[in-house]
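See structure below.
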Amino acid sequence: MVKVLGIDEAGRGPVLGSMFIGGFLIDEDETSKLEDIGAKDSKKLSDRKRENIRGKLDSIGDIYLEKFTASSIDRMMDVMSINDIELKGFADVIDRAEPDKVIMDLPEPDAEKFIGKIKDLMDTDHNQVEFVAEHGADDEYPVVSAASIVAKSARESHVEDLHSKYGYDFASGYPHDKPTIEFIEKYIEQEGELPSETRKSWSTAQRLMKQSSQNTLGDF
């Protein structure tokens with residue numbers, strides 16, 4: 001029985017909140033069950049549909065999740081890039097799941113080089129593992145779609161928790177979201193610092209802190 005693992009990420013680019021690496025492991029000859037429940041790339045699903053599918057995944061295969069908090073990302077960014085952090089998350093999930101086959105979306109041009117980077121980060125023997133990395137894998141392979149749903153569901157739940165914690169709906173936490181920037185600006189104005197879940201290594205966070213400092217000096 002070939003165990004196949006799909007992997008995907010959610011929350012790679014936000015200035016607020018954690019990044020999640022989702023993995024889904026299933027017998028390869030049972031992947032049709034994922035199609036039956038409508039698994040597809042989480043970006044193309046409504047929130048309600050995504051969560052409905054997420055609730056069914058536990059009974060079909062095994063769920064794996066790696067979480068990188070904003071503070072851990074900041075620490076790791078001292079010695080590596082966000083790309084490397086994501087690759088480390090992928091490698092950690094593969095080590096835990098011990099699959100026979102891994103399928104991933106390819107975020108760069110060279111699949112062989114990308115797979116090689118992940119193998120270098122793995123702790124377990126990868127010689128017997130088959131690796132597939134393709135552009136658009138989250139559309140092509142239901143097992144990657146399932147992993148995408150796992151990661152996206154975790155990220156959305158995390159963001160909702162932060163909304164509740166701060167009593168403020170700052171939308172997604174991405175720099176392009178105006179409510180996110182407005183929330184950070186107001187928080188700095190009131191508290192004199194960034195929210196603890198901010199990725200302080202992000203240029204957006206540094207710019208907003210510098211802007212606040214300049215505004216304060218302008219008051220004198």
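How things are named: the first chain in the structure tokens is A, the next is B, and so on; residues count from 1 in each chain; ligands count from 1 in the order shown.
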
Next on the checklist: Show me, as a list in words, the residues that have an atom within 12 Å of Asp169 of chain A when counting only C-alpha atoms, minus same-chain residues fewer than 4 positions from it.
Outcome noted: Val159, Glu160, Asp161, Leu162, His163, Ser164, Lys165, Gly173, Asp177, Lys178, Pro179, Thr180, Ile181, Glu182, Phe183 and Ile184 of chain A

Next on the checklist: For the alpha helix (DSSP H) assignment from backbone DSSP, which residues of segment 62-174 of chain A qualify? Please present them as a VMD selection string.
Outcome noted: chain A and resid 70 to 76 82 to 97 111 to 121 137 to 140 142 to 166

Checklist entry - Between A:Glu156, A:Thr69, A:Gly17, A:Leu25, which one has atoms that come closest to Pro195 of chain A, using only C-alpha atoms? => result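 Among the listed residues, the smallest separation from Pro195 of chain A belongs to A:Gly17.
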
Item to check | segment 143-153 of chain A surroundings by only C-alpha atoms, 6 Å radius, close-in-sequence under 2 positions cut, as a list in words | outcome: Gly6, Ile7, Asp8, Glu9, Ala10, Phe20, Ile21, Gly22, Gly23, Phe24, Ala39, Lys40, Asp41, Ser42, Asp138, Tyr141, Arg155 and Glu156 of chain A

Checklist outcome for this item: Pairwise distance, atom CA of Asp27 of chain A with atom CA of Arg12 of chain A, equals 28.4 Å

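We find atom CA of His176 of chain A and atom CA of Lys200 of chain A to be spaced 16.4 Å apart.
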
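Contact shell of segment 102-108 of chain A at 6 Å (only C-alpha atoms; same-chain neighbours under 4 positions omitted): A:Val4, A:Leu5, A:Gly6, A:Ile7, A:Phe131, A:Val132, A:Ala133, A:Glu134, A:His135, A:Ala137.
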
Those residues you just picked out, can you put them in a file as a PDB file, in the first residue's frame with C-alpha atoms?
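So the final result, stored in part-v5.pdb, reads:
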```
ATOM      1  CA  VAL A   4       1.050   9.487  -0.432  1.00  0.00           C
ATOM      2  CA  LEU A   5       1.506  12.839   1.326  1.00  0.00           C
ATOM      3  CA  GLY A   6       0.327  16.185   0.012  1.00  0.00           C
ATOM      4  CA  ILE A   7       1.845  19.373   1.438  1.00  0.00           C
ATOM      5  CA  PHE A 131       9.014  13.160  -4.716  1.00  0.00           C
ATOM      6  CA  VAL A 132       6.757  15.074  -7.112  1.00  0.00           C
ATOM      7  CA  ALA A 133       6.871  18.881  -7.340  1.00  0.00           C
ATOM      8  CA  GLU A 134       4.777  20.554 -10.034  1.00  0.00           C
ATOM      9  CA  HIS A 135       3.372  23.981 -10.760  1.00  0.00           C
ATOM     10  CA  ALA A 137      -0.201  20.758  -7.975  1.00  0.00           C
TER      11      ALA A 137
END
```

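The spacing separating atom CA of Trp202 of chain A from atom CA of Val15 of chain A amounts to 6.3 Å.
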
Excluding Met76 of chain A and any residue of its chain fewer than 6 positions from it, enumerate the residues within 10 Å of it, using only C-alpha atoms, and give them as a short mmCIF file (atom, residue, chain, number, x, y, z; two decimals) with N, CA and C atoms, in the first residue's frame.
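After the write, part-v2.cif holds the following:
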```
data_model
loop_
_atom_site.label_atom_id
_atom_site.label_comp_id
_atom_site.auth_asym_id
_atom_site.auth_seq_id
_atom_site.Cartn_x
_atom_site.Cartn_y
_atom_site.Cartn_z
N PHE A 68 4.49 28.07 12.47
CA PHE A 68 5.60 28.98 12.72
C PHE A 68 5.02 30.32 13.17
N ALA A 70 4.89 34.27 14.59
CA ALA A 70 5.58 35.48 14.13
C ALA A 70 6.94 35.62 14.79
N ILE A 82 12.40 33.45 4.26
CA ILE A 82 11.07 32.86 4.45
C ILE A 82 10.93 31.61 3.58
N ASP A 84 13.31 29.45 3.00
CA ASP A 84 13.98 28.38 3.75
C ASP A 84 13.13 27.90 4.92
N ILE A 85 12.44 28.83 5.57
CA ILE A 85 11.57 28.46 6.69
C ILE A 85 10.44 27.56 6.19
N SER A 201 10.31 41.47 11.56
CA SER A 201 11.33 41.48 10.51
C SER A 201 10.77 41.92 9.17
#
```

Next on the checklist: So, with only C-alpha atoms as the atoms that count, which of A:Arg50, A:Lys210, A:Lys101, A:Lys67 lies closest to Val2 of chain A?
Outcome noted: A:Lys101

Item to check | Secondary structure check, strand (DSSP E or B) residues of segment 12-186 of chain A, as a count of residues only | outcome: 27

Item to check | Residue nearest Glu197 of chain A among A:Ile73, A:Ala154, A:Ser32, A:Asp95 (counting only C-alpha atoms) | outcome: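 Of all the options, A:Ile73 lies closest to Glu197 of chain A.
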